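For reference, structure-v4.txt (compact mmCIF, C-alpha atoms):
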# COMPACT_ATOMS: atom_id res chain seq x y z
CA MET N 1481 -178.54 57.13 -165.88
CA LYS N 1482 -178.52 55.89 -162.29
CA LYS N 1483 -177.24 52.40 -161.50
CA ALA N 1484 -180.69 51.33 -160.27
CA SER N 1485 -182.29 52.51 -163.52
CA VAL N 1486 -179.70 50.68 -165.61
CA LEU N 1487 -180.35 47.50 -163.64
CA VAL N 1488 -184.09 47.82 -164.30
CA VAL N 1489 -183.50 48.31 -168.04
CA VAL N 1490 -181.13 45.31 -168.23
CA SER N 1491 -183.59 43.20 -166.24
CA TYR N 1492 -186.44 44.05 -168.61
CA ALA N 1493 -184.22 43.27 -171.61
CA LEU N 1494 -183.39 39.83 -170.23
CA VAL N 1495 -186.99 39.04 -169.38
CA TYR N 1496 -188.20 40.23 -172.77
CA LEU N 1497 -185.59 38.58 -175.00
CA VAL N 1498 -184.27 35.50 -173.21
CA TRP N 1499 -187.67 34.28 -172.03
CA GLY N 1500 -188.99 34.73 -175.55
CA SER N 1501 -186.47 32.14 -176.69
CA THR N 1502 -187.01 29.68 -173.82
CA TYR N 1503 -190.26 28.37 -175.32
CA PHE N 1504 -188.27 27.23 -178.35
CA PHE N 1505 -185.52 25.64 -176.25
CA ILE N 1506 -188.06 23.91 -173.97
CA LYS N 1507 -189.62 22.41 -177.09
CA GLU N 1508 -186.20 21.23 -178.29
CA ALA N 1509 -185.28 19.80 -174.87
CA VAL N 1510 -188.46 17.74 -174.46
CA GLU N 1511 -187.84 16.05 -177.79
CA THR N 1512 -185.50 13.56 -176.08
CA ILE N 1513 -185.52 14.44 -172.35
CA PRO N 1514 -188.49 13.81 -169.97
CA PRO N 1515 -190.12 17.04 -168.72
CA THR N 1516 -189.51 16.21 -165.04
CA VAL N 1517 -185.79 15.81 -165.72
CA ILE N 1518 -185.67 19.13 -167.55
CA VAL N 1519 -187.46 20.99 -164.75
CA ALA N 1520 -185.47 19.27 -162.00
CA LEU N 1521 -181.99 19.75 -163.50
CA ARG N 1522 -182.73 23.20 -164.88
CA PHE N 1523 -183.66 24.57 -161.49
CA LEU N 1524 -181.29 22.55 -159.33
CA ILE N 1525 -178.32 23.67 -161.43
CA GLY N 1526 -179.61 27.23 -161.39
CA SER N 1527 -180.12 27.11 -157.64
CA ILE N 1528 -176.52 26.03 -157.04
CA ILE N 1529 -175.14 28.71 -159.35
CA LEU N 1530 -177.14 31.46 -157.67
CA ALA N 1531 -176.30 30.22 -154.17
CA VAL N 1532 -172.58 30.30 -154.99
CA ILE N 1533 -172.86 33.84 -156.39
CA ALA N 1534 -174.93 34.95 -153.38
CA ARG N 1535 -172.35 33.45 -151.01
CA ALA N 1536 -169.51 35.23 -152.81
CA ARG N 1537 -171.39 38.52 -152.50
CA GLY N 1538 -172.09 37.96 -148.82
CA GLY N 1539 -175.79 37.30 -149.24
CA LEU N 1540 -175.70 34.01 -147.31
CA ARG N 1541 -173.92 35.13 -144.19
CA SER N 1542 -177.00 34.21 -142.18
CA ILE N 1543 -179.76 31.68 -142.74
CA PRO N 1544 -183.02 33.29 -143.95
CA LYS N 1545 -185.92 33.35 -141.52
CA PRO N 1546 -188.40 30.44 -141.71
CA LYS N 1547 -191.16 32.71 -143.00
CA GLU N 1548 -188.83 34.03 -145.72
CA ILE N 1549 -187.94 30.48 -146.76
CA ALA N 1550 -191.62 29.52 -146.78
CA GLY N 1551 -192.55 32.59 -148.85
CA SER N 1552 -189.83 31.91 -151.43
CA ALA N 1553 -190.79 28.22 -151.51
CA LEU N 1554 -194.42 29.07 -152.29
CA ILE N 1555 -193.35 31.45 -155.06
CA GLY N 1556 -191.12 28.69 -156.43
CA VAL N 1557 -193.97 26.20 -156.47
CA LEU N 1558 -196.32 28.61 -158.25
CA LEU N 1559 -193.88 30.17 -160.72
CA LEU N 1560 -191.50 27.32 -161.46
CA LEU N 1561 -192.93 23.93 -160.51
CA LEU N 1562 -196.51 24.60 -161.66
CA GLY N 1563 -196.04 27.54 -164.01
CA ASN N 1564 -192.93 26.50 -165.89
CA GLY N 1565 -193.30 22.78 -165.19
CA LEU N 1566 -196.76 22.47 -166.72
CA ILE N 1567 -195.70 24.53 -169.73
CA THR N 1568 -192.74 22.18 -170.21
CA LEU N 1569 -195.04 19.17 -169.97
CA ALA N 1570 -197.48 20.72 -172.44
CA GLU N 1571 -194.78 21.44 -175.01
CA GLN N 1572 -194.36 17.73 -175.58
CA THR N 1573 -197.36 17.97 -177.88
CA ILE N 1574 -198.11 21.65 -178.56
CA PRO N 1575 -195.95 24.08 -180.60
CA SER N 1576 -193.71 26.48 -178.69
CA TRP N 1577 -195.53 29.49 -180.15
CA THR N 1578 -198.86 28.20 -178.79
CA ALA N 1579 -197.40 28.09 -175.29
CA SER N 1580 -196.04 31.61 -175.73
CA VAL N 1581 -199.45 32.96 -176.78
CA VAL N 1582 -201.06 31.40 -173.70
CA ILE N 1583 -198.44 33.20 -171.60
CA ALA N 1584 -199.02 36.38 -173.62
CA CYS N 1585 -202.19 36.97 -171.63
CA MET N 1586 -200.20 37.21 -168.39
CA PRO N 1587 -201.26 40.83 -167.71
CA ILE N 1588 -204.86 39.63 -167.86
CA TYR N 1589 -204.18 36.86 -165.35
CA VAL N 1590 -202.23 39.20 -163.06
CA ALA N 1591 -204.96 41.85 -163.22
CA PHE N 1592 -207.53 39.22 -162.25
CA PHE N 1593 -205.53 37.96 -159.29
CA ASN N 1594 -204.66 41.51 -158.20
CA PHE N 1595 -208.36 42.31 -158.08
CA PHE N 1596 -209.28 39.03 -156.40
CA LEU N 1597 -206.52 39.23 -153.76
CA TYR N 1598 -206.09 42.97 -153.23
CA ARG N 1599 -209.24 44.48 -154.77
CA THR N 1600 -207.10 46.44 -157.22
CA ARG N 1601 -209.55 48.25 -159.49
CA VAL N 1602 -209.49 47.79 -163.25
CA SER N 1603 -210.39 50.77 -165.43
CA PRO N 1604 -212.88 50.41 -168.33
CA ILE N 1605 -210.13 50.65 -170.97
CA ARG N 1606 -208.17 47.87 -169.28
CA LEU N 1607 -211.31 45.74 -169.04
CA ILE N 1608 -211.88 46.23 -172.78
CA GLY N 1609 -208.27 45.28 -173.34
CA ALA N 1610 -208.71 42.09 -171.33
CA ILE N 1611 -211.78 41.06 -173.32
CA THR N 1612 -209.99 41.84 -176.60
CA GLY N 1613 -206.96 39.82 -175.51
CA VAL N 1614 -209.04 36.80 -174.53
CA LEU N 1615 -210.85 36.94 -177.88
CA GLY N 1616 -207.52 37.08 -179.69
CA VAL N 1617 -206.09 34.13 -177.80
CA THR N 1618 -209.25 32.14 -178.50
CA LEU N 1619 -208.83 32.74 -182.24
CA VAL N 1620 -205.12 31.91 -182.19
CA LEU N 1621 -205.67 28.64 -180.36
CA LEU N 1622 -208.44 27.42 -182.67
CA ASN N 1623 -206.96 24.85 -185.05
CA GLY N 1624 -209.75 24.92 -187.60
CA GLY N 1625 -211.67 22.13 -185.90
CA SER N 1626 -214.04 22.07 -182.97
CA ALA N 1627 -213.41 23.87 -179.66
CA GLY N 1628 -212.96 20.47 -178.03
CA GLU N 1629 -210.14 19.64 -180.42
CA ALA N 1630 -208.43 22.98 -179.84
CA LEU N 1631 -208.67 22.74 -176.07
CA GLY N 1632 -206.84 19.44 -175.75
CA PRO N 1633 -205.22 18.17 -172.53
CA ALA N 1634 -201.82 19.65 -173.33
CA LEU N 1635 -203.25 23.11 -174.01
CA LEU N 1636 -205.28 22.97 -170.79
CA LEU N 1637 -202.07 22.11 -168.92
CA ALA N 1638 -200.42 25.18 -170.46
CA ILE N 1639 -203.34 27.38 -169.40
CA VAL N 1640 -203.25 26.04 -165.82
CA GLY N 1641 -199.49 26.64 -165.78
CA ALA N 1642 -199.99 30.20 -166.99
CA LEU N 1643 -202.62 30.84 -164.30
CA ALA N 1644 -200.24 29.47 -161.63
CA TRP N 1645 -197.52 31.82 -162.88
CA GLY N 1646 -199.95 34.74 -162.80
CA LEU N 1647 -200.97 33.91 -159.23
CA GLY N 1648 -197.32 33.67 -158.17
CA THR N 1649 -196.53 37.00 -159.81
CA SER N 1650 -199.44 38.68 -158.05
CA MET N 1651 -198.59 37.20 -154.64
CA ALA N 1652 -194.83 37.81 -154.88
CA LYS N 1653 -194.99 41.37 -153.58
CA SER N 1654 -196.89 40.47 -150.42
CA LEU N 1655 -195.09 37.24 -149.47
CA PRO N 1656 -192.10 37.41 -147.10
CA LYS N 1657 -188.79 36.49 -148.74
CA PRO N 1658 -185.07 37.10 -148.21
CA PRO N 1659 -184.03 40.68 -149.08
CA ASP N 1660 -181.25 39.36 -151.34
CA VAL N 1661 -182.93 38.50 -154.66
CA LEU N 1662 -180.24 35.89 -155.42
CA VAL N 1663 -180.97 34.04 -152.19
CA SER N 1664 -184.73 34.24 -152.73
CA THR N 1665 -184.48 32.99 -156.32
CA SER N 1666 -182.10 30.20 -155.30
CA ILE N 1667 -184.62 28.94 -152.73
CA GLN N 1668 -187.42 29.08 -155.30
CA MET N 1669 -185.38 27.04 -157.77
CA LEU N 1670 -184.18 24.56 -155.15
CA VAL N 1671 -187.73 23.76 -154.01
CA ALA N 1672 -189.05 23.44 -157.57
CA GLY N 1673 -186.08 21.30 -158.63
CA ILE N 1674 -186.30 18.91 -155.68
CA VAL N 1675 -190.07 18.40 -156.03
CA ALA N 1676 -189.74 17.86 -159.79
CA LEU N 1677 -186.97 15.32 -159.21
CA ILE N 1678 -189.08 13.44 -156.66
CA LEU N 1679 -192.07 13.41 -159.00
CA GLY N 1680 -189.89 12.15 -161.82
CA VAL N 1681 -188.39 9.32 -159.77
CA MET N 1682 -191.83 8.35 -158.48
CA SER N 1683 -193.09 8.12 -162.06
CA GLY N 1684 -190.26 5.74 -162.98
CA VAL N 1685 -187.91 8.16 -164.74
CA ASN N 1686 -184.19 7.35 -164.54
CA VAL N 1687 -182.30 10.63 -164.70
CA MET N 1688 -178.92 9.22 -165.77
CA GLU N 1689 -180.43 7.01 -168.46
CA SER N 1690 -182.52 9.92 -169.74
CA LEU N 1691 -179.44 12.11 -170.11
CA ALA N 1692 -177.44 9.31 -171.73
CA GLU N 1693 -180.17 8.80 -174.35
CA ALA N 1694 -180.72 12.52 -174.98
CA SER N 1695 -179.59 14.16 -178.20
CA PRO N 1696 -176.74 16.72 -178.10
CA TRP N 1697 -179.16 19.47 -179.15
CA SER N 1698 -181.58 18.64 -176.33
CA LEU N 1699 -178.68 18.71 -173.86
CA PHE N 1700 -177.60 22.09 -175.21
CA SER N 1701 -181.16 23.34 -174.85
CA LEU N 1702 -181.25 22.13 -171.24
CA ALA N 1703 -177.96 23.93 -170.53
CA TYR N 1704 -179.35 27.11 -172.11
CA LEU N 1705 -182.45 26.93 -169.91
CA ALA N 1706 -180.39 26.25 -166.78
CA LEU N 1707 -177.86 29.06 -167.29
CA LEU N 1708 -179.60 31.91 -169.11
CA GLY N 1709 -182.98 30.96 -167.67
CA SER N 1710 -181.58 31.25 -164.15
CA LEU N 1711 -180.08 34.66 -164.84
CA THR N 1712 -183.38 35.86 -166.27
CA LEU N 1713 -185.33 34.58 -163.29
CA VAL N 1714 -183.10 36.70 -161.04
CA ALA N 1715 -183.92 39.69 -163.23
CA TYR N 1716 -187.64 38.86 -163.01
CA ASN N 1717 -187.57 38.61 -159.23
CA HIS N 1718 -185.68 41.90 -159.05
CA LEU N 1719 -188.36 43.59 -161.13
CA LEU N 1720 -191.10 42.14 -158.91
CA VAL N 1721 -189.45 43.96 -155.99
CA VAL N 1722 -188.85 47.36 -157.61
CA GLU N 1723 -191.58 47.54 -160.28
CA PRO N 1724 -195.40 47.11 -160.25
CA SER N 1725 -196.31 43.47 -160.98
CA PHE N 1726 -198.73 44.59 -163.68
CA ARG N 1727 -195.94 46.43 -165.53
CA VAL N 1728 -193.53 43.54 -165.10
CA SER N 1729 -196.00 41.25 -166.85
CA SER N 1730 -195.51 43.35 -170.01
CA TYR N 1731 -192.73 40.93 -170.98
CA SER N 1732 -195.51 38.84 -172.49
CA LEU N 1733 -195.89 41.45 -175.25
CA VAL N 1734 -192.48 40.62 -176.68
CA ASN N 1735 -192.08 36.94 -175.79
CA PRO N 1736 -194.68 35.57 -178.25
CA LEU N 1737 -193.14 37.46 -181.17
CA ILE N 1738 -189.71 35.94 -180.52
CA ALA N 1739 -191.21 32.51 -179.91
CA VAL N 1740 -193.23 32.66 -183.13
CA VAL N 1741 -190.22 33.67 -185.21
CA LEU N 1742 -188.08 30.87 -183.76
CA GLY N 1743 -190.93 28.36 -184.05
CA LEU N 1744 -191.62 29.19 -187.69
CA ALA N 1745 -187.89 28.99 -188.44
CA ALA N 1746 -187.91 25.49 -186.93
CA GLY N 1747 -190.82 24.43 -189.13
CA GLU N 1748 -193.76 24.81 -186.73
CA LYS N 1749 -197.14 25.63 -188.28
CA THR N 1750 -199.46 28.39 -187.14
CA SER N 1751 -203.22 28.13 -186.71
CA PRO N 1752 -205.63 29.27 -189.50
CA TYR N 1753 -206.63 32.31 -187.43
CA PHE N 1754 -203.16 33.31 -186.27
CA ALA N 1755 -202.97 36.44 -188.44
CA VAL N 1756 -206.29 37.71 -187.04
CA GLY N 1757 -205.90 36.63 -183.43
CA THR N 1758 -202.36 37.85 -182.78
CA PRO N 1759 -203.07 41.57 -183.49
CA LEU N 1760 -206.07 41.33 -181.15
CA VAL N 1761 -203.86 39.87 -178.41
CA LEU N 1762 -201.30 42.66 -178.83
CA ALA N 1763 -203.99 45.36 -179.01
CA GLY N 1764 -205.59 44.01 -175.85
CA LEU N 1765 -202.28 43.95 -174.01
CA VAL N 1766 -201.45 47.51 -175.08
CA ALA N 1767 -204.83 48.63 -173.74
CA ILE N 1768 -204.21 46.79 -170.47
CA LEU N 1769 -200.70 48.12 -169.96
CA TYR N 1770 -200.91 51.62 -171.40
CA GLY N 1771 -204.61 52.32 -171.88
CA ASP N 1772 -204.94 54.60 -168.86
CA ALA N 1773 -201.93 56.69 -169.93
CA ILE N 1774 -203.19 56.95 -173.51
CA MET N 1775 -206.67 57.99 -172.37
CA GLY N 1776 -205.15 60.54 -170.01
CA LYS N 1777 -203.14 62.15 -172.83
CA LEU N 1778 -206.19 62.19 -175.12
CA LYS N 1779 -208.28 63.91 -172.45
CA GLY N 1780 -205.48 66.39 -171.81
CA ARG N 1781 -205.49 67.50 -175.46
CA ARG N 1782 -209.18 68.39 -175.39

Can the structure from this file be put into structure tokens for me?
Amino acid sequence: MKKASVLVVVSYALVYLVWGSTYFFIKEAVETIPPTVIVALRFLIGSIILAVIARARGGLRSIPKPKEIAGSALIGVLLLLLGNGLITLAEQTIPSWTASVVIACMPIYVAFFNFFLYRTRVSPIRLIGAITGVLGVTLVLLNGGSAGEALGPALLLAIVGALAWGLGTSMAKSLPKPPDVLVSTSIQMLVAGIVALILGVMSGVNVMESLAEASPWSLFSLAYLALLGSLTLVAYNHLLVVEPSFRVSSYSLVNPLIAVVLGLAAGEKTSPYFAVGTPLVLAGLVAILYGDAIMGKLKGRR
């Protein structure tokens, strides 16, 4: 197998597996650490690590062009500050598996933004898959009460965060950014971390006091997010360069399963319609990602 192919496989493995566990560790971190502190430190630490690695590899021999910095900064705001930041904020009150199911519809969000921005056509089978996925998510998120109770403020924050991530994923291919993925990702994390830190300070959060009062497990969770999360974000940005954004979003097929297993192990409760809604979500995503190929093979057998 070629080196480039191996790198793609490893990148998908990281995005599938590590990101599936981050929902759980975000939930554990926000138990005793403010969300703005988590987002700020997670990405600032990650930015420094990636910048050092990029420098050692020769990726920072010259300063990126202003338009490349601006493009990476916008991606960072959409993916990390809004996407990840709002999910982190939402997980103060919603289970980690709920956040993962919201993100599970990422191919739907990306398909929508691809059509809206680039007029990328969606086949009938993919449209059916999108409708099926939305129906499944609706069932999963219902808590047995009214729709108003299910769609609380925290869940709406998670949905907005997911939409921001989908928009960033869709725009990433067309925005200018440094050719070195480490440099590009480092800029994204630096911008998101700085803005989150400013927002936290403005809201009255004392970073040092927050860390001093945090539990050891929350601190471990923050370290996990900063280190492995940073490595996985590099893998994600690499895939956005070499793979179709729609295919890259397939990570959301695996992430919810890992998040649900970890969440249930930690004592989280599922919704009354989880067993019905989850298969619909997965069926919808399979139709979105592989429906055209499946239909093509079926037609070829006739």

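Among the candidates N:Leu1760, N:Leu1569, N:Ala1672, N:Leu1713, the one nearest to Ala1509 (chain N) when counting all atoms listed in the file is N:Leu1569.
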
Next on the checklist: Give me the residues near Asn1594 (chain N) as a PyMOL selection string, where near means some atom within 10 Å (using only C-alpha atoms) and where sequence neighbours in that chain fewer than 3 positions away do not count.
Outcome noted: chain N and resi 1588-1591+1597-1602+1646-1647+1649-1651+1725-1726

Item to check | Nearest candidate to Leu1636 (chain N) (options N:Ile1611, N:Met1669, N:Thr1578, N:Val1687; using all atoms listed in the file) | outcome: N:Thr1578

Region 1563-1579 of chain N, all listed atoms, 4 Å padding on each side: what axis-aligned box centre and edge lengths in Å to one decimal come out, as AutoDock Vina command-line options?
--center_x -195.8 --center_y 23.6 --center_z -172.3 --size_x 14.1 --size_y 19.8 --size_z 24.6

Checklist outcome for this item: re CA of Leu1607 (chain N) and CA of Gly1563 (chain N): distance 24.3 Å

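Proximity ranking of N:Pro1514, N:Pro1659, N:Pro1633, N:Gly1609 relative to Asn1686 (chain N) places N:Pro1514 first, based on all atoms listed in the file.
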
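Here CA of Gly1526 (chain N) and CA of Leu1707 (chain N) stand 6.4 Å from one another.
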
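Coordinates place CA of Ile1583 (chain N) at a distance of 17.8 Å from CA of Val1519 (chain N).
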
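Counting only C-alpha atoms, the residue from N:Ala1773, N:Leu1521, N:Ile1555, N:Val1489 that sits nearest to Met1688 (chain N) is N:Leu1521.
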
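Counting all atoms listed in the file and comparing N:Leu1711, N:Ala1579, N:Arg1541, N:Pro1736, the residue that lies closest to Val1640 (chain N) is N:Ala1579.
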
Would you fill out region 1503-1518 of chain N with N, CA and C atoms and return it as a JSON list (two decimals), in the frame of the given file?
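Final file, part-v7.json:
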[["chain", "number", "residue", "atom", "x", "y", "z"],
["N", 1503, "TYR", "N", -189.20, 29.26, -174.84],
["N", 1503, "TYR", "CA", -190.26, 28.37, -175.32],
["N", 1503, "TYR", "C", -189.70, 27.44, -176.41],
["N", 1504, "PHE", "N", -188.88, 28.02, -177.28],
["N", 1504, "PHE", "CA", -188.27, 27.23, -178.35],
["N", 1504, "PHE", "C", -187.33, 26.18, -177.76],
["N", 1505, "PHE", "N", -186.49, 26.57, -176.80],
["N", 1505, "PHE", "CA", -185.52, 25.64, -176.25],
["N", 1505, "PHE", "C", -186.18, 24.58, -175.35],
["N", 1506, "ILE", "N", -187.29, 24.92, -174.71],
["N", 1506, "ILE", "CA", -188.06, 23.91, -173.97],
["N", 1506, "ILE", "C", -188.57, 22.86, -174.95],
["N", 1507, "LYS", "N", -189.11, 23.33, -176.07],
["N", 1507, "LYS", "CA", -189.62, 22.41, -177.09],
["N", 1507, "LYS", "C", -188.52, 21.49, -177.60],
["N", 1508, "GLU", "N", -187.32, 22.04, -177.80],
["N", 1508, "GLU", "CA", -186.20, 21.23, -178.29],
["N", 1508, "GLU", "C", -185.72, 20.25, -177.22],
["N", 1509, "ALA", "N", -185.75, 20.66, -175.96],
["N", 1509, "ALA", "CA", -185.28, 19.80, -174.87],
["N", 1509, "ALA", "C", -186.21, 18.60, -174.67],
["N", 1510, "VAL", "N", -187.52, 18.83, -174.73],
["N", 1510, "VAL", "CA", -188.46, 17.74, -174.46],
["N", 1510, "VAL", "C", -188.55, 16.73, -175.61],
["N", 1511, "GLU", "N", -187.85, 17.01, -176.69],
["N", 1511, "GLU", "CA", -187.84, 16.05, -177.79],
["N", 1511, "GLU", "C", -187.22, 14.73, -177.35],
["N", 1512, "THR", "N", -186.18, 14.79, -176.50],
["N", 1512, "THR", "CA", -185.50, 13.56, -176.08],
["N", 1512, "THR", "C", -185.25, 13.46, -174.57],
["N", 1513, "ILE", "N", -185.71, 14.46, -173.81],
["N", 1513, "ILE", "CA", -185.52, 14.44, -172.35],
["N", 1513, "ILE", "C", -186.88, 14.57, -171.68],
["N", 1514, "PRO", "N", -187.20, 13.71, -170.68],
["N", 1514, "PRO", "CA", -188.49, 13.81, -169.97],
["N", 1514, "PRO", "C", -188.65, 15.18, -169.31],
["N", 1515, "PRO", "N", -189.87, 15.71, -169.30],
["N", 1515, "PRO", "CA", -190.12, 17.04, -168.72],
["N", 1515, "PRO", "C", -189.66, 17.17, -167.26],
["N", 1516, "THR", "N", -189.90, 16.12, -166.45],
["N", 1516, "THR", "CA", -189.51, 16.21, -165.04],
["N", 1516, "THR", "C", -188.00, 16.34, -164.88],
["N", 1517, "VAL", "N", -187.25, 15.70, -165.77],
["N", 1517, "VAL", "CA", -185.79, 15.81, -165.72],
["N", 1517, "VAL", "C", -185.35, 17.22, -166.11],
["N", 1518, "ILE", "N", -186.00, 17.77, -167.12],
["N", 1518, "ILE", "CA", -185.67, 19.13, -167.55],
["N", 1518, "ILE", "C", -185.92, 20.12, -166.43]]
